[in-house]
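Enquirer: Please see the structure below; I have some questions.
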Amino acid sequence: MDILTNDYFLLAIAAVLAGLIDSVVGGGGLIQLPALLSALPHAAPASLFGTNKLAAIWGTAFAARSYAKRLTLMWNLALPASVAALIFAFLGARAVSLVPQDLLRKALPFLLLAVAAYVFRRKSFGSESRAEERVANPTRRALLTGAVIGFYDGLFGPGTGSFLIFLFVRFFHLDFLQASAIAKVVNVACNFAALSWFAAAGFVIWPLGLLMAVGNITGAIIGTRLALVGGTGFVRQLFLVMVGLLIAKTGYDGFFRH
């Protein structure tokens, strides 16, 4: 019982850190999922994935709510992207067995490296919002963004939040803070799609997931406050740090972990 209690305490702390990071730039799974796999090595991986989604959806939802209270969210982009993400995350999950996961693992660090290089080289990228500039077919672009990232999240997953932020800055001229806020709304849809499947299949450890959800919410509250106070510059810097960590993690998993 002591060992179990200690593991649950450490997982709650990991959930706080994951919620904090995820609420700002995404990538909370980089902390939370490895913590679950380490603390419960004999549990079915699917149960740990489902438990991770249960905790994450609460933190992401609270982050989205916090941003919506303090920022003017562009719901004309967030809603169509979320609907498309919800549908295509289901389709991505169903297509898992059809796509070679090893190929995705090897390609991912290079995609993330391209994103990091693009953002780093363009110092003004996402530094201020130019949302007032006309964007051709914004609803269609939002649907396409949600569909592509939703499918990717259901199919594979790592880096979903970071890719969303990058695409909303790149294609809709938002600053990093606005893009992060909209990304949280879309992420809720992705997490809901995944959680629905895991829950229906019985792959959720509910007591642990709810405990970690409390930690995730706590971290999300702290993270959104830091982002709102620090502004776009803080979000941009943390984005580059997290993408760098994701490159290292996914590169190791794709080429050195067997």
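Going by the structure tokens order, chains are called A, B, ..., each with residues numbered from 1, while ligands are numbered from 1 in the order shown.
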Report as CSV the residues of range 194-241 of chain A within 12 Å of range 157-167 of chain A, each with its shortest atom pair and distance in Å (one decimal), using only C-alpha atoms, ordered by chain and increasing residue number.
Expert:
residue,atom,partner,partner_atom,distance
A:Ala194,CA,A:Gly157,CA,10.3
A:Thr232,CA,A:Ile165,CA,11.9
A:Val235,CA,A:Ile165,CA,10.2
A:Arg236,CA,A:Ile165,CA,9.9
A:Leu238,CA,A:Ser162,CA,10.6
A:Phe239,CA,A:Ser162,CA,7.2
A:Leu240,CA,A:Ser162,CA,9.3
A:Val241,CA,A:Ser162,CA,10.9
Enquirer: Do a neighbour search on range 204-219 of chain A at 6 Å with only C-alpha atoms, toss out local chain neighbours closer than 6 positions, and write the hits as a list in words.
Expert: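 Non-adjacent residues within range: Ala12, Ala15, Val16, Leu17, Gly19, Leu20, Ser47, Gly50, Thr51, Leu54, Ala55, Trp58 and Gly59 of chain A.
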Enquirer: I need the residues from that last selection saved to file as an mmCIF file, in the first residue's frame (with N, CA, C and O atoms), if you can.
Expert:
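Result file is selection-v4.cif:
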data_model
loop_
_atom_site.group_PDB
_atom_site.id
_atom_site.type_symbol
_atom_site.label_atom_id
_atom_site.label_comp_id
_atom_site.auth_asym_id
_atom_site.auth_seq_id
_atom_site.Cartn_x
_atom_site.Cartn_y
_atom_site.Cartn_z
ATOM 1 N N ALA A 12 0.661 12.163 -9.379
ATOM 2 C CA ALA A 12 -0.091 13.414 -9.221
ATOM 3 C C ALA A 12 0.814 14.620 -9.475
ATOM 4 O O ALA A 12 0.407 15.601 -10.117
ATOM 5 N N ALA A 15 1.422 14.934 -13.070
ATOM 6 C CA ALA A 15 0.236 15.484 -13.730
ATOM 7 C C ALA A 15 0.186 17.008 -13.609
ATOM 8 O O ALA A 15 -0.232 17.695 -14.549
ATOM 9 N N VAL A 16 0.609 17.540 -12.472
ATOM 10 C CA VAL A 16 0.667 18.994 -12.299
ATOM 11 C C VAL A 16 1.643 19.605 -13.310
ATOM 12 O O VAL A 16 1.326 20.579 -14.004
ATOM 13 N N LEU A 17 2.834 19.027 -13.412
ATOM 14 C CA LEU A 17 3.840 19.540 -14.351
ATOM 15 C C LEU A 17 3.355 19.411 -15.796
ATOM 16 O O LEU A 17 3.530 20.330 -16.607
ATOM 17 N N GLY A 19 0.235 19.312 -16.843
ATOM 18 C CA GLY A 19 -0.827 20.274 -17.078
ATOM 19 C C GLY A 19 -0.293 21.673 -17.294
ATOM 20 O O GLY A 19 -0.805 22.430 -18.123
ATOM 21 N N LEU A 20 0.746 22.025 -16.538
ATOM 22 C CA LEU A 20 1.357 23.352 -16.675
ATOM 23 C C LEU A 20 1.961 23.530 -18.067
ATOM 24 O O LEU A 20 1.678 24.511 -18.759
ATOM 25 N N SER A 47 -4.446 0.695 -21.143
ATOM 26 C CA SER A 47 -5.055 1.258 -19.936
ATOM 27 C C SER A 47 -4.327 2.524 -19.490
ATOM 28 O O SER A 47 -4.946 3.478 -19.005
ATOM 29 N N GLY A 50 -5.300 5.303 -21.946
ATOM 30 C CA GLY A 50 -6.641 5.785 -21.628
ATOM 31 C C GLY A 50 -6.657 6.639 -20.375
ATOM 32 O O GLY A 50 -7.332 7.676 -20.319
ATOM 33 N N THR A 51 -5.903 6.223 -19.357
ATOM 34 C CA THR A 51 -5.810 6.989 -18.114
ATOM 35 C C THR A 51 -5.147 8.336 -18.362
ATOM 36 O O THR A 51 -5.562 9.368 -17.810
ATOM 37 N N LEU A 54 -7.726 10.606 -19.891
ATOM 38 C CA LEU A 54 -8.707 11.062 -18.914
ATOM 39 C C LEU A 54 -8.166 12.253 -18.127
ATOM 40 O O LEU A 54 -8.871 13.241 -17.908
ATOM 41 N N ALA A 55 -6.921 12.162 -17.692
ATOM 42 C CA ALA A 55 -6.313 13.269 -16.946
ATOM 43 C C ALA A 55 -6.109 14.480 -17.847
ATOM 44 O O ALA A 55 -6.403 15.623 -17.465
ATOM 45 N N TRP A 58 -9.137 16.951 -18.880
ATOM 46 C CA TRP A 58 -9.590 17.903 -17.868
ATOM 47 C C TRP A 58 -8.671 19.120 -17.796
ATOM 48 O O TRP A 58 -9.125 20.261 -17.728
ATOM 49 N N GLY A 59 -7.360 18.863 -17.809
ATOM 50 C CA GLY A 59 -6.414 19.977 -17.781
ATOM 51 C C GLY A 59 -6.548 20.860 -19.007
ATOM 52 O O GLY A 59 -6.547 22.099 -18.914
#
Enquirer: Report the distance between CA of Leu108 in chain A and CA of Leu33 in chain A in Å, rounded to one decimal place.
Expert: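 Calculated distance between CA of Leu108 in chain A and CA of Leu33 in chain A is 17.8 Å.
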Enquirer: Do you have, as a Markdown table, the list of residues of range 181-210 of chain A lying at most 10 Å from range 125-146 of chain A, each with its nearest atom pair and that distance in Å to one decimal, counting only C-alpha atoms and ordered by chain then number?
Expert:
| residue | atom | partner | partner_atom | distance |
| --- | --- | --- | --- | --- |
| A:Ala183 | CA | A:Gly146 | CA | 9.7 |
| A:Val186 | CA | A:Gly146 | CA | 7.2 |
| A:Asn187 | CA | A:Gly146 | CA | 9.5 |
| A:Ala189 | CA | A:Gly146 | CA | 9.5 |
| A:Cys190 | CA | A:Gly146 | CA | 9.1 |
Enquirer: Could you check how far CA of Phe256 in chain A sits from CA of Ala46 in chain A, in Å to one decimal?
Expert: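 According to the coordinates, CA of Phe256 in chain A and CA of Ala46 in chain A are separated by 22.9 Å.
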Enquirer: Given only C-alpha atoms as the basis, pick out the residue of A:Ser23, A:Gln32, A:Ser82, A:Gln237 nearest to Ala64 in chain A.
Expert: A:Ser23
Enquirer: Write out as number ranges by chain the residues lying within 10 Å of Lys249 in chain A, counting only C-alpha atoms and excluding same-chain residues fewer than 6 positions away.
Expert: A: 30, 109, 158, 243
Enquirer: Generate a file of the selected residues that holds N, CA, C and O atoms, formatted as a PDB file, in the first residue's frame.
Expert:
ATOM      1  N   LEU A  30       4.605  14.289 -22.835  1.00  0.00           N
ATOM      2  CA  LEU A  30       6.028  13.975 -22.726  1.00  0.00           C
ATOM      3  C   LEU A  30       6.419  13.722 -21.277  1.00  0.00           C
ATOM      4  O   LEU A  30       7.384  13.003 -20.995  1.00  0.00           O
ATOM      5  N   PRO A 109      10.814  13.175 -35.712  1.00  0.00           N
ATOM      6  CA  PRO A 109      11.829  14.150 -35.275  1.00  0.00           C
ATOM      7  C   PRO A 109      12.262  15.101 -36.379  1.00  0.00           C
ATOM      8  O   PRO A 109      12.583  16.266 -36.119  1.00  0.00           O
ATOM      9  N   PRO A 158       2.278  12.093 -30.616  1.00  0.00           N
ATOM     10  CA  PRO A 158       3.265  13.003 -30.021  1.00  0.00           C
ATOM     11  C   PRO A 158       3.401  14.322 -30.774  1.00  0.00           C
ATOM     12  O   PRO A 158       3.474  14.344 -31.997  1.00  0.00           O
ATOM     13  N   VAL A 243       9.626  21.880 -28.220  1.00  0.00           N
ATOM     14  CA  VAL A 243       9.868  21.213 -29.504  1.00  0.00           C
ATOM     15  C   VAL A 243      11.257  20.573 -29.511  1.00  0.00           C
ATOM     16  O   VAL A 243      11.438  19.463 -30.016  1.00  0.00           O
TER      17      VAL A 243
END
Enquirer: CA of Ala18 in chain A and CA of Ala220 in chain A are how many Å apart?
Expert: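 Atom-to-atom, CA of Ala18 in chain A to CA of Ala220 in chain A, that is 8.3 Å.
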Enquirer: Let me make sure I understand: among A:Lys69, A:Arg105, A:Lys53, A:Arg257, which one has the smallest atom-to-atom distance to Phe198 in chain A if we use only C-alpha atoms?
Expert: A:Lys53
